[in-house]
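Undergrad: Below is a structure I'd like to ask you about.
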Amino acid sequence: MKFHQFFRNATGHAPYPYQVAFATAETLPHLLWAPTSAGKTATAILGWLWRQRYAKQGAPRRLAYCLPMRVLVEQSKNAAQEWLKALKLEKHVAVHVLMGGVEAEDWFLEPEKPAILIGTQDMLLSRALNRGYAESRFHWPIDFGLLNNDCLWVFDEPQLMANGVSTSAQLAGLRQSLGAFGTCPSVWMSATLEPGWLDTIDFRGKFTAPALELTEDDYDEKLPLHKRMTAEKKLAELDAAWSKDMKAIAKAVAASHVQGTQTLVVVNTVERAKNLYAALGKLKPLLENVLLVHSRYRPHEREELNYKLQLKGDDCIDRIIVATQVVEAGVDISSRTLITELAPWASLVQRMGRCNRTGDDGPGKVFWIDVPDKDAPPYEADDLKFAREQLKVLEGKSVSPQALDKFKRKNKIVLPFEHEHVLRRRDLIDLFDTTPDLSGNDIDIQRFVRSDDPEMDVQIFWRNVPPSGSGDDEPAPEREELCSAPIGQCKGFLDDSKHDGYIWDHLDERWRPLRDPKRELRPGMVILVPSAAGGYSELGWDPDSGSSVAPVPPRRKELPEATGSDQSSCGPALTLNAHTQHVFDELRAILTTCGLSEECRQTLERAARWHDVGKAHPVFQATLRKVNADLDALQCWAKSGKRGRLSHERHHFRHELASALAALQHGVSFEVAYLIACHHGKVRLSIRSFPDEWPQPDNTCIRNAQEQFGREPLYAAGVWDADRFGPVVLSDSETCPATTLDLSTMLLGGDHSWTARALALRDQLGPFKLAYLEALLRAADLRASRNERLEGAHA
């Protein structure tokens with residue numbers, strides 16, 4: 001199908017010339033210059049989708065659509081779903097929003113299928129850096145592998161992403177130099193981004209196609225785009241004194257509002273947005289329809305907010321919207337009157353695009369509010385100074401997209417950008433290791449995600465926690481429950497509260513109270529807060545509210561992952577042989593379309609055969625029989641036949657470590673053994689004992705190790721030297737012989753060391769490729785377990 005017809009089928013109108021050029025280019029441009037309101041979202045999503053299905057050039061399997069922090073992603077998701085439905089492709093291409101928490105749908109279970117992944121820079125870049133915010137640490141490598149292989153990255157309005165721009169460019173360059181499966185290009189779409197912003201040490205000189213920008217053909221008066229680009233809107237300074245309480249601004253907003261139309265007011269902080277909303281509310285009954293929009297709502301409430309925000313025509317007549325930066329990107333909204341606080345020039349250009357966006361809501365008026373330098377945060381005073389100078393020049397003039405483009409070219413405006421924190425190759429290599437340091441800490445990636453933001457977010461959810469504290473059976477939070485909150489405000493809220501906040505301790509397998517919020521909290525953390533503590537109201541995140549918060553009931557009852565947990569081993573009773581075959585079959589289905597080499601396919605298939613041989617270990621079998629006494633003692637079992645988390649006699653016991661050690665001892669390659677060890681994300685680059693781990697006092701471990709190896713025993717992750725199990729039937733043609741485990745590979749130094757061999761494998765394959773192989777095996781295992789549970793439920 002030709003792109004023109006494809007685009008028309010999806011949207012109902014013909015594509016603009018630049019959209020055709022983007023979709024049909026031999027090589028995708030790295031930089032797309034297009035003014036706000038030009039339809040960049042459709043350009044990227046439909047361009048990728050057409051190339052994926054019809055173009056000889058093809059396209060990566062996944063599209064990662066990255067928006068600036070704190071913008072609303074739901075409109076982009078809804079648009080993508082509507083286009084897919086119009087094209088009758090909704091069953092063939094999935095759309096997922098990555099926001100943290102337990103997802104309603106596990107997108108990573110079908111890595112062989114096309115998918116559109118939408119999220120903000122904090123959620124997407126943190127996953128691309130192997131430190132996914134608001135996500136189980138054991139899941140990090142899956143997203144790291146899938147987002148850095150066979151994936152097109154599109155950055156919408158990257159000029160708003162601060163240091164995320166540097167990181168996005170570095171990741172693009174490092175994928176090329178370190179290697180990835182499939183193609184993994186990046187496209188930056190913006191009206192104001194300068195090419196020099198992408199000039200980082202590992203991306204320098206790697207532009208494979210010239211920048212694409214609108215031409216005279218796109219501005220043809222016969223095209224609908226011309227109406228948008230020339231939409232009437234004039235600039236003036238708002239006649240009101242600025243103050244944090246926003247009372248004077250509220251009166252000026254009410255006076256500027258044109259009855260029967262929509263007015264949009266954009267301010268720079270959530271606190272000022274709330275103050276303005278409250279001040280406007282006191283002007284009732286003069287103003288009845290006022291909507292507050294910011295990023296600090298739970299998705300549960302944000303769904304209704306987004307519905308209201310997207311109302312058009314008669315449904316949004318005579319309305320004032322008070323918003324923060326959430327409307328700067330990813331939101332298709334038009335207003336007759338736009339009032340904005342002074343902001344950096346790139347942000348102002350985006351905000352002005354929300355006034356008379358379509359050309360049907362004019363004559364548009366744009367008012368700006370000056371902000372004192374001392375109140376510039378979250379922005380820099382110098383950036384506001386530059387923007388102020390431009391606004392004074394434009395006073396009383398048109399600020400249509402075309403006029404602003406001409407103004408930029410005439411005045412040769414080049415926005416400065418300083419690469420403050422550049423992700424280096426060594427940083428990325430270090431981030432491949434997901435093991436926390438000895439004090440339990442991880443590498444802080446905040447500087448790479450958005451270094452200029454002093455208030456990076458944590459994620460909070462509320463539950464009915466009794467005064468005695470959180471129980472160990474509190475389920476993992478779901479996406480609908482999580483609310484973003486500035487880390488500084490959260491620290492103050494928890495310090496002042498009479499109630500404890502809780503974080504999940506993956507070692508102790510419990511929700512433990514925060515001992516020192518100011519020291520312990522870091523960006524991306526997930527915090528359980530008792531409903532009685534307050535902190536949330538109809539205004540969203542509200543640390544001043546002491547009213548009890550109504551929890552969002554979780555649909556699933558799964559506990560968060562822990563070091564020793566084995567939730568996937570619950571479900572219908574299945575023998576080890578049967579489950580292994582299911583995983584093998586799922587892996588083959590995945591590999592059918594993934595385009596890997598025969599060598600990689602054989603490596604993964606061998607790992608699938610051996611991945612659960614460690615479940616034959618007496619500790620694991622005893623655990624299954626403890627929860628289900630009906631299991632046949634003569635069989636070797638992989639699934640218990642019962643629901644709930646398994647608790648082993650040996651704390652932290654990991655069957656996959658036993659599997660990997662057995663495979664190594666029976667001549668399986670180290671690459672296969674590594675993938676076996678990694679298939680739950682809990683044993684990867686190193687094998688080490690946990691702080692509270694010690695052999696049982698009966699000295700069985702000591703005696704066995706001395707008899708077998710003539711040395712003091714080694715032990716790690718619940719596996720001990722000289723543990724014995726087997727033989728184990730792996731398939732009709734292969735059996736794992738009886739095995740006596742040898743943990744000497746956990747010792748550091750020498751070619752035999754697990755860590756040395758794992759690091760060599762990482763450097764040989766590259767971190768991206770190795771993580772991708774991990775992700776494919778884990779997807780097959782998780783998918784097989786899911787299908788087994790579903791079949792068991794219907795049996």
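By order in the structure tokens, chains are A, B, ...; within a chain, residues start at 1; ligands start at 1, following the order shown.
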Where in stretch 467-593 of chain A does DSSP assign helix (DSSP H, G or I), given as a ChimeraX atom specification?
TA: /A:479-481,487-496,517-520,531-533,567-569,576-591
Undergrad: Please provide as a list in words all residues within 12 Å of A:Val414, with the sequence filter that same-chain residues fewer than 6 positions apart are discarded (counting only C-alpha atoms).
TA: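 The residues satisfying every condition are Ala191, Thr192, Leu193, Glu194, Pro195, Gly196, Trp197, Trp345, Ala346, Phe386, Phe407 and Lys408 of chain A.
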Undergrad: With only C-alpha atoms as the counted atoms, please give the residues lying no more than 6 Å from stretch 201-211 of chain A, apart from itself and same-chain residues fewer than 2 positions off, as a list in words.
TA: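 Listing them by chain and then by number gives Pro29, Leu31, Leu32, Ala169, Gln170, Gly173 and Asp199 of chain A.
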Undergrad: Under the rule that only C-alpha atoms are counted, which of A:His96, A:Arg778, A:Arg409, A:Arg479 is the nearest residue to A:Pro299?
TA: A:Arg479
Undergrad: For a quick check of understanding, using only C-alpha atoms, which of A:Lys251, A:Lys642, A:Arg512, A:Asp496 has the smallest distance to A:Ala629?
TA: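 Result for the nearest residue to A:Ala629: A:Lys642.
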